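Undergrad: Sharing a structure here in structure tokens format.
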Amino acid sequence: MEVSHGLKVFSLYLFLFLCTIYFFSSNQLQKTQFVRSSVSPDISSALYRSFITIGSVEENRFRNPTSVRRVGKLSDAEKLEMGLAKARLAIRSAVKLNISASDDDEDAPRGVVYRNPIAFYQSYLEMEKRFKIYVYEEGDRPIVHGGPNKNIYTSEGRFIHEMELENTKFKTRDARHAHVYFMPFSVSMMVKYLYKPNSNDKSPLLRFVSDYVRVISTKYPFWNKTQGADHFMLSCHDWGPDSSLGNPLLYKNSIRVLCNANTSEGFNPRKDATLPEIYLYDGNMSPDLISIPPDNAPRPHLAFFAGGLHGPIRPKLFQHWKAKDPDIIVYEYLPKNLKYYPFMLQSKFCLCPSGYEVASPRIVEAIYAQCVPVLLSEHYVPPFSDILRWEAFSVQVNVSDIPNLKEILNAIPEEQYRKLKEGVKAVKKHFMLNQPPKRFDVFHMILHSIWIRRLNVQLR
């Protein structure tokens with residue numbers, strides 16, 4: 001086994017070496033433009049499919065038989081694109097040669113919860129090796145360079161906080177060496193400080209975003225070179241997508257990392273990424289979710305939900321299941337003598353209906369509680385869908401099938417339920433907020449979502 005794995009690794013590096021020589025000898029970079037690889041509507045694997053299979057197109061684009069550019073003449077931008085081309089090649093080669101992770105890497109992705117564990121692992125290694133992000137210094141706190149580190153917008157504030165740290169591995173202070181550029185404004189803080197309550201007037205948010213892009217595009221050359229395609233914003237507030245309308249190119253071209261990942265409202269999985277919605281009430285995980293009962297502990301409730309009556313989906317859930325069946329526990333608000341997380345820990349399935357917007361913090365809470373999430377939403381793209389097979393650890397129920405919820409869940413065989421629960425346990429590490437961050441945790445998974453979208457944008 002060790003010999004076989006070693007031969008595969010040697011073959012990969014030999015293949016990469018020969019391809020690099022070929023690439024260098026035929027490289028001719030043109031005027032800077034950006035091209036986003038065409039992908040199929042199936043967003044579950046489209047991004048990987050796009051850059052695993054674009055080899056011949058990419059080689060033809062750079063090939064010029066009458067001109068040879070010496071390596072020493074490459075500009076900083078050309079070196080970056082060369083590195084990304086080598087990363088794409090490494091991913092394709094790992095898949096082609098079926099090179100799986102060595103047994104020494106305990107963190108490596110394995111199992112049915114991944115769409116392509118070989119491609120994901122090689123892509124992650126390439127990200128660790130190459131990926132650099134420039135964080136714009138423009139703007140003042142509290143709206144820029146910070147965000148909420150607790151409550152429902154935790155994932156927004158925590159990511160901004162990590163990217164502001166000087167020792168962040170993926171951060172570069174030299175913008176010329178960056179693959180992507182982060183605009184570290186917080187939409188949550190904009191709403192807090194710029195929005196007039198109950199006015200429903202979002203124009204101050206759009207003006208702020210417009211002004212911010214104007215400042216960085218005037219001061220630096222990077223936005224104008226790519227029309228914003230290698231820039232990204234991140235927001236967990238419901239109004240994150242609306243705020244991005246402050247600049248048409250930000251909305252159209254830039255990578256938007258959003259909790260409110262609604263394809264019916266302009267979310268584009270080809271370039272946008274879903275941010276998990278993580279609710280930490282006091283900034284820390286609830287003690288109830290730290291010690292999970294063993295697998296053989298009884299879970300007497302078939303399904304559970306407790307939450308406010310808002311949005312178009314929850315009224316249907318309450319109509320059919322609130323106080324209607326002892327097996328499906330549905331509360332609008334829990335009585336004061338009952339605790340929320342113990343109900344999750346005693347339930348086989350946790351219902352995760354959308355509220356005002358498509359995202360729900362209950363999805364991550366369910367994963368923490370090892371309670372199989374039941375997604376009740378429309379037009380929602382779950383986090384990391386291009387990497388994870390959500391069907392391996394969750395159940396998707398159409399809104400029209402809410403009246404049949406008990407029948408659908410009871411029809412899942414016990415063996416399949418156990419596999420779903422094992423899948424939940426396997427993906428839990430990808431949704432954990434760690435301080436400092438750990439490999440493959442939610443911070444790194446967000447970075448990887450941005451990384452593969454940058455791989456999917458080729459500057460030429």
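Every chain in the structure tokens has a letter given in the order shown (A, B, ...), and although residue numbers restart at 1 in each chain, ligands are simply numbered from 1 in the order shown.
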At a cut-off of 7 Å, using only C-alpha atoms, what residues contact range 249-255 of chain A? Leave out same-chain residues fewer than 3 positions from it and give the result as a list of chain:residue names.
TA: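 Skipping anything fewer than 3 positions along the chain leaves A:Gln227, A:Gly228, A:Ala229, A:Asp230, A:His231, A:Phe232, A:Met233, A:Ser244, A:Leu245, A:Lys271, A:Asp272.
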Undergrad: Give me the residues within 7 Å of Ala94 in chain A as a ChimeraX atom specification, counting only C-alpha atoms and dropping any in the same chain fewer than 3 places off.
TA: /A:12,90-91,97-99,118-119,122
Undergrad: Can you spit out the residues from that selection as a PDB file, in the first residue's frame, using all heavy atoms?
TA:
ATOM      1  N   LEU A  12       2.704  12.043  -9.814  1.00  0.00           N
ATOM      2  CA  LEU A  12       2.070  13.357  -9.816  1.00  0.00           C
ATOM      3  C   LEU A  12       3.104  14.457  -9.952  1.00  0.00           C
ATOM      4  O   LEU A  12       2.982  15.355 -10.787  1.00  0.00           O
ATOM      5  CB  LEU A  12       1.267  13.546  -8.532  1.00  0.00           C
ATOM      6  CG  LEU A  12       0.708  14.952  -8.280  1.00  0.00           C
ATOM      7  CD1 LEU A  12      -0.248  15.350  -9.383  1.00  0.00           C
ATOM      8  CD2 LEU A  12       0.024  15.025  -6.922  1.00  0.00           C
ATOM      9  N   ALA A  90      -2.489  20.671 -10.525  1.00  0.00           N
ATOM     10  CA  ALA A  90      -2.259  19.721  -9.440  1.00  0.00           C
ATOM     11  C   ALA A  90      -3.553  19.030  -9.024  1.00  0.00           C
ATOM     12  O   ALA A  90      -3.569  17.829  -8.748  1.00  0.00           O
ATOM     13  CB  ALA A  90      -1.638  20.437  -8.242  1.00  0.00           C
ATOM     14  N   ILE A  91      -4.642  19.779  -8.991  1.00  0.00           N
ATOM     15  CA  ILE A  91      -5.937  19.194  -8.623  1.00  0.00           C
ATOM     16  C   ILE A  91      -6.392  18.192  -9.678  1.00  0.00           C
ATOM     17  O   ILE A  91      -6.801  17.066  -9.367  1.00  0.00           O
ATOM     18  CB  ILE A  91      -6.982  20.305  -8.432  1.00  0.00           C
ATOM     19  CG1 ILE A  91      -6.572  21.233  -7.289  1.00  0.00           C
ATOM     20  CG2 ILE A  91      -8.364  19.700  -8.155  1.00  0.00           C
ATOM     21  CD1 ILE A  91      -7.374  22.517  -7.227  1.00  0.00           C
ATOM     22  N   LEU A  97      -4.884  10.679 -11.306  1.00  0.00           N
ATOM     23  CA  LEU A  97      -4.029   9.605 -10.802  1.00  0.00           C
ATOM     24  C   LEU A  97      -4.588   8.947  -9.549  1.00  0.00           C
ATOM     25  O   LEU A  97      -3.964   8.038  -8.997  1.00  0.00           O
ATOM     26  CB  LEU A  97      -2.625  10.152 -10.524  1.00  0.00           C
ATOM     27  CG  LEU A  97      -1.871  10.690 -11.740  1.00  0.00           C
ATOM     28  CD1 LEU A  97      -0.569  11.346 -11.318  1.00  0.00           C
ATOM     29  CD2 LEU A  97      -1.604   9.570 -12.756  1.00  0.00           C
ATOM     30  N   ASN A  98      -5.767   9.448  -9.099  1.00  0.00           N
ATOM     31  CA  ASN A  98      -6.450   8.866  -7.941  1.00  0.00           C
ATOM     32  C   ASN A  98      -5.549   8.863  -6.702  1.00  0.00           C
ATOM     33  O   ASN A  98      -5.402   7.851  -6.009  1.00  0.00           O
ATOM     34  CB  ASN A  98      -6.916   7.435  -8.261  1.00  0.00           C
ATOM     35  CG  ASN A  98      -7.917   6.935  -7.232  1.00  0.00           C
ATOM     36  OD1 ASN A  98      -8.678   7.719  -6.658  1.00  0.00           O
ATOM     37  ND2 ASN A  98      -7.912   5.632  -6.990  1.00  0.00           N
ATOM     38  N   ILE A  99      -4.932  10.006  -6.432  1.00  0.00           N
ATOM     39  CA  ILE A  99      -4.018  10.125  -5.302  1.00  0.00           C
ATOM     40  C   ILE A  99      -4.800  10.600  -4.082  1.00  0.00           C
ATOM     41  O   ILE A  99      -5.165  11.768  -3.981  1.00  0.00           O
ATOM     42  CB  ILE A  99      -2.873  11.105  -5.611  1.00  0.00           C
ATOM     43  CG1 ILE A  99      -2.088  10.604  -6.815  1.00  0.00           C
ATOM     44  CG2 ILE A  99      -1.954  11.254  -4.403  1.00  0.00           C
ATOM     45  CD1 ILE A  99      -0.991  11.544  -7.243  1.00  0.00           C
ATOM     46  N   ILE A 118     -10.727  13.591  -3.068  1.00  0.00           N
ATOM     47  CA  ILE A 118      -9.377  13.752  -3.617  1.00  0.00           C
ATOM     48  C   ILE A 118      -9.189  15.180  -4.125  1.00  0.00           C
ATOM     49  O   ILE A 118      -8.193  15.842  -3.826  1.00  0.00           O
ATOM     50  CB  ILE A 118      -9.122  12.731  -4.739  1.00  0.00           C
ATOM     51  CG1 ILE A 118      -9.080  11.316  -4.162  1.00  0.00           C
ATOM     52  CG2 ILE A 118      -7.818  13.040  -5.472  1.00  0.00           C
ATOM     53  CD1 ILE A 118      -8.932  10.222  -5.207  1.00  0.00           C
ATOM     54  N   ALA A 119     -10.156  15.667  -4.903  1.00  0.00           N
ATOM     55  CA  ALA A 119     -10.064  17.034  -5.425  1.00  0.00           C
ATOM     56  C   ALA A 119     -10.075  18.052  -4.287  1.00  0.00           C
ATOM     57  O   ALA A 119      -9.303  19.020  -4.292  1.00  0.00           O
ATOM     58  CB  ALA A 119     -11.217  17.301  -6.394  1.00  0.00           C
ATOM     59  N   GLN A 122      -6.618  17.973  -2.380  1.00  0.00           N
ATOM     60  CA  GLN A 122      -5.536  18.600  -3.136  1.00  0.00           C
ATOM     61  C   GLN A 122      -5.755  20.102  -3.251  1.00  0.00           C
ATOM     62  O   GLN A 122      -4.803  20.887  -3.141  1.00  0.00           O
ATOM     63  CB  GLN A 122      -5.434  17.978  -4.524  1.00  0.00           C
ATOM     64  CG  GLN A 122      -4.214  18.433  -5.319  1.00  0.00           C
ATOM     65  CD  GLN A 122      -2.908  18.020  -4.654  1.00  0.00           C
ATOM     66  OE1 GLN A 122      -2.767  16.884  -4.213  1.00  0.00           O
ATOM     67  NE2 GLN A 122      -1.954  18.941  -4.587  1.00  0.00           N
TER      68      GLN A 122
END
Undergrad: Show which residues sit within 7 Å of Leu388 in chain A, as JSON, numbers by chain. Count only C-alpha atoms, and ignore same-chain residues fewer than 4 positions away.
TA: {"A": [113, 114, 115, 384]}
Undergrad: Just to be explicit: take each residue in the selection above, keep all heavy atoms, and write the result as a PDB file, in the first residue's frame.
TA:
ATOM      1  N   VAL A 113     -19.478  11.870   2.670  1.00  0.00           N
ATOM      2  CA  VAL A 113     -20.022  13.225   2.842  1.00  0.00           C
ATOM      3  C   VAL A 113     -19.388  14.207   1.871  1.00  0.00           C
ATOM      4  O   VAL A 113     -19.873  15.342   1.740  1.00  0.00           O
ATOM      5  CB  VAL A 113     -19.824  13.723   4.296  1.00  0.00           C
ATOM      6  CG1 VAL A 113     -20.598  12.855   5.263  1.00  0.00           C
ATOM      7  CG2 VAL A 113     -18.351  13.799   4.662  1.00  0.00           C
ATOM      8  N   TYR A 114     -18.313  13.794   1.161  1.00  0.00           N
ATOM      9  CA  TYR A 114     -17.626  14.691   0.232  1.00  0.00           C
ATOM     10  C   TYR A 114     -17.951  14.320  -1.207  1.00  0.00           C
ATOM     11  O   TYR A 114     -18.019  13.134  -1.561  1.00  0.00           O
ATOM     12  CB  TYR A 114     -16.115  14.625   0.447  1.00  0.00           C
ATOM     13  CG  TYR A 114     -15.699  15.027   1.835  1.00  0.00           C
ATOM     14  CD1 TYR A 114     -15.383  14.051   2.789  1.00  0.00           C
ATOM     15  CD2 TYR A 114     -15.650  16.356   2.218  1.00  0.00           C
ATOM     16  CE1 TYR A 114     -15.019  14.406   4.076  1.00  0.00           C
ATOM     17  CE2 TYR A 114     -15.290  16.719   3.502  1.00  0.00           C
ATOM     18  CZ  TYR A 114     -14.975  15.740   4.430  1.00  0.00           C
ATOM     19  OH  TYR A 114     -14.625  16.097   5.706  1.00  0.00           O
ATOM     20  N   ARG A 115     -18.120  15.314  -2.034  1.00  0.00           N
ATOM     21  CA  ARG A 115     -18.404  15.074  -3.444  1.00  0.00           C
ATOM     22  C   ARG A 115     -17.190  14.480  -4.141  1.00  0.00           C
ATOM     23  O   ARG A 115     -17.313  13.578  -4.960  1.00  0.00           O
ATOM     24  CB  ARG A 115     -18.827  16.375  -4.121  1.00  0.00           C
ATOM     25  CG  ARG A 115     -20.094  16.961  -3.505  1.00  0.00           C
ATOM     26  CD  ARG A 115     -20.773  17.947  -4.412  1.00  0.00           C
ATOM     27  NE  ARG A 115     -22.039  18.351  -3.811  1.00  0.00           N
ATOM     28  CZ  ARG A 115     -23.161  17.650  -3.881  1.00  0.00           C
ATOM     29  NH1 ARG A 115     -23.164  16.515  -4.546  1.00  0.00           N
ATOM     30  NH2 ARG A 115     -24.262  18.074  -3.302  1.00  0.00           N
ATOM     31  N   PHE A 384     -21.024  25.376   1.654  1.00  0.00           N
ATOM     32  CA  PHE A 384     -20.011  24.434   1.158  1.00  0.00           C
ATOM     33  C   PHE A 384     -20.623  23.322   0.296  1.00  0.00           C
ATOM     34  O   PHE A 384     -20.155  22.181   0.274  1.00  0.00           O
ATOM     35  CB  PHE A 384     -19.226  23.815   2.333  1.00  0.00           C
ATOM     36  CG  PHE A 384     -18.879  24.794   3.420  1.00  0.00           C
ATOM     37  CD1 PHE A 384     -19.102  24.493   4.759  1.00  0.00           C
ATOM     38  CD2 PHE A 384     -18.339  26.043   3.109  1.00  0.00           C
ATOM     39  CE1 PHE A 384     -18.793  25.397   5.767  1.00  0.00           C
ATOM     40  CE2 PHE A 384     -18.023  26.957   4.113  1.00  0.00           C
ATOM     41  CZ  PHE A 384     -18.254  26.630   5.443  1.00  0.00           C
TER      42      PHE A 384
END
Undergrad: So, counting only C-alpha atoms, which residue among A:Phe431, A:Phe170, A:Tyr136, A:Tyr153 is closest to Lys219 in chain A?
TA: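 The closest residue to Lys219 in chain A is A:Tyr136.
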Undergrad: I want to know what sits within 12 Å of Leu405 in chain A, based on only C-alpha atoms, with residues of the same chain fewer than 4 positions away left out; could you give that as a count of residues only?
TA: 27
Undergrad: Go through A:His161, A:Arg214, A:Arg270, A:Arg299 and flag the residue nearest Leu455 in chain A, using only C-alpha atoms for the distances.
TA: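 Looking at the shortest contact to Leu455 in chain A, the residue is A:Arg270.
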Undergrad: What's the 10 Å shell around Ser449 in chain A, counting only C-alpha atoms, without same-chain residues fewer than 5 positions away, as a PyMOL selection string?
TA: chain A and resi 47+255+257+271-275+383-387+444+454
Undergrad: Just want the 10 Å neighbourhood of Leu345 in chain A, counted on only C-alpha atoms, with same-chain residues fewer than 2 positions away dropped. Output as an MDAnalysis selection string.
TA: chainID A and resid 288:289 292:293 297:301 304 340:343 347:350 366 368:371
Undergrad: Take the residues from that selection and write them out as a JSON list (two decimals), in the first residue's frame, keeping N, CA, C and O atoms.
TA:
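File written: out.json
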[["chain", "number", "residue", "atom", "x", "y", "z"],
["A", 288, "ASP", "N", -24.37, 22.89, 26.81],
["A", 288, "ASP", "CA", -25.22, 21.74, 26.48],
["A", 288, "ASP", "C", -24.76, 21.03, 25.22],
["A", 288, "ASP", "O", -25.07, 19.84, 25.02],
["A", 289, "LEU", "N", -24.03, 21.75, 24.33],
["A", 289, "LEU", "CA", -23.61, 21.16, 23.06],
["A", 289, "LEU", "C", -22.16, 20.67, 23.08],
["A", 289, "LEU", "O", -21.68, 20.14, 22.09],
["A", 292, "ILE", "N", -21.87, 15.69, 23.99],
["A", 292, "ILE", "CA", -22.98, 15.08, 23.27],
["A", 292, "ILE", "C", -23.24, 13.68, 23.82],
["A", 292, "ILE", "O", -22.29, 12.91, 24.06],
["A", 293, "PRO", "N", -24.50, 13.30, 24.03],
["A", 293, "PRO", "CA", -24.80, 11.94, 24.51],
["A", 293, "PRO", "C", -24.26, 10.88, 23.55],
["A", 293, "PRO", "O", -24.12, 11.12, 22.35],
["A", 297, "ALA", "N", -27.61, 6.52, 23.21],
["A", 297, "ALA", "CA", -28.55, 7.23, 24.07],
["A", 297, "ALA", "C", -29.87, 7.42, 23.34],
["A", 297, "ALA", "O", -29.88, 7.72, 22.13],
["A", 298, "PRO", "N", -30.98, 7.27, 24.01],
["A", 298, "PRO", "CA", -32.29, 7.39, 23.33],
["A", 298, "PRO", "C", -32.56, 8.82, 22.86],
["A", 298, "PRO", "O", -32.18, 9.80, 23.52],
["A", 299, "ARG", "N", -33.19, 8.91, 21.72],
["A", 299, "ARG", "CA", -33.69, 10.19, 21.20],
["A", 299, "ARG", "C", -35.19, 9.99, 20.97],
["A", 299, "ARG", "O", -35.62, 9.60, 19.89],
["A", 300, "PRO", "N", -35.97, 10.25, 22.02],
["A", 300, "PRO", "CA", -37.39, 9.88, 21.99],
["A", 300, "PRO", "C", -38.24, 10.68, 21.01],
["A", 300, "PRO", "O", -39.32, 10.21, 20.62],
["A", 301, "HIS", "N", -37.80, 11.89, 20.63],
["A", 301, "HIS", "CA", -38.62, 12.71, 19.74],
["A", 301, "HIS", "C", -38.21, 12.48, 18.29],
["A", 301, "HIS", "O", -37.02, 12.44, 17.96],
["A", 304, "PHE", "N", -38.04, 18.13, 16.04],
["A", 304, "PHE", "CA", -38.21, 19.25, 16.97],
["A", 304, "PHE", "C", -37.97, 20.57, 16.25],
["A", 304, "PHE", "O", -37.09, 20.69, 15.39],
["A", 340, "TYR", "N", -33.84, 24.73, 25.27],
["A", 340, "TYR", "CA", -33.82, 24.53, 23.82],
["A", 340, "TYR", "C", -32.91, 23.38, 23.40],
["A", 340, "TYR", "O", -33.34, 22.44, 22.70],
["A", 341, "TYR", "N", -31.64, 23.43, 23.78],
["A", 341, "TYR", "CA", -30.68, 22.45, 23.28],
["A", 341, "TYR", "C", -30.95, 21.02, 23.77],
["A", 341, "TYR", "O", -30.76, 20.07, 22.99],
["A", 342, "PRO", "N", -31.41, 20.81, 25.00],
["A", 342, "PRO", "CA", -31.77, 19.43, 25.38],
["A", 342, "PRO", "C", -32.83, 18.81, 24.48],
["A", 342, "PRO", "O", -32.79, 17.59, 24.23],
["A", 343, "PHE", "N", -33.75, 19.64, 23.97],
["A", 343, "PHE", "CA", -34.73, 19.10, 23.02],
["A", 343, "PHE", "C", -34.02, 18.62, 21.74],
["A", 343, "PHE", "O", -34.37, 17.58, 21.18],
["A", 347, "SER", "N", -33.77, 14.61, 20.06],
["A", 347, "SER", "CA", -34.54, 14.46, 18.82],
["A", 347, "SER", "C", -33.68, 13.82, 17.74],
["A", 347, "SER", "O", -32.48, 14.11, 17.63],
["A", 348, "LYS", "N", -34.30, 12.99, 16.92],
["A", 348, "LYS", "CA", -33.58, 12.37, 15.80],
["A", 348, "LYS", "C", -33.38, 13.38, 14.68],
["A", 348, "LYS", "O", -32.31, 13.42, 14.07],
["A", 349, "PHE", "N", -34.40, 14.18, 14.41],
["A", 349, "PHE", "CA", -34.34, 15.16, 13.34],
["A", 349, "PHE", "C", -34.65, 16.55, 13.91],
["A", 349, "PHE", "O", -35.52, 16.69, 14.77],
["A", 350, "CYS", "N", -33.94, 17.55, 13.40],
["A", 350, "CYS", "CA", -34.20, 18.93, 13.80],
["A", 350, "CYS", "C", -34.68, 19.72, 12.59],
["A", 350, "CYS", "O", -34.00, 19.78, 11.56],
["A", 366, "ALA", "N", -28.13, 22.15, 14.79],
["A", 366, "ALA", "CA", -28.47, 20.74, 14.65],
["A", 366, "ALA", "C", -27.21, 19.89, 14.46],
["A", 366, "ALA", "O", -27.08, 18.81, 15.05],
["A", 368, "TYR", "N", -24.20, 20.63, 15.48],
["A", 368, "TYR", "CA", -23.51, 20.58, 16.78],
["A", 368, "TYR", "C", -24.15, 19.53, 17.69],
["A", 368, "TYR", "O", -23.46, 18.83, 18.44],
["A", 369, "ALA", "N", -25.48, 19.42, 17.64],
["A", 369, "ALA", "CA", -26.21, 18.50, 18.52],
["A", 369, "ALA", "C", -26.30, 17.09, 17.95],
["A", 369, "ALA", "O", -26.92, 16.21, 18.58],
["A", 370, "GLN", "N", -25.69, 16.87, 16.79],
["A", 370, "GLN", "CA", -25.75, 15.58, 16.10],
["A", 370, "GLN", "C", -27.20, 15.15, 15.89],
["A", 370, "GLN", "O", -27.57, 13.98, 16.02],
["A", 371, "CYS", "N", -28.01, 16.13, 15.54],
["A", 371, "CYS", "CA", -29.41, 15.93, 15.21],
["A", 371, "CYS", "C", -29.53, 16.18, 13.71],
["A", 371, "CYS", "O", -29.12, 17.24, 13.22]]
Undergrad: Just asking: which residues within range 153-344 of chain A are strand (DSSP E) according to DSSP, as a list in words?
TA: Val180, Tyr181, Phe182, His231, Phe232, Met233, Leu234, Ser235, Ile255, Arg256, Val257, Leu258, Ala273, Thr274, His301, Leu302, Ala303, Phe304, Phe305, Ala306, Ile328, Ile329, Val330 and Tyr331 of chain A
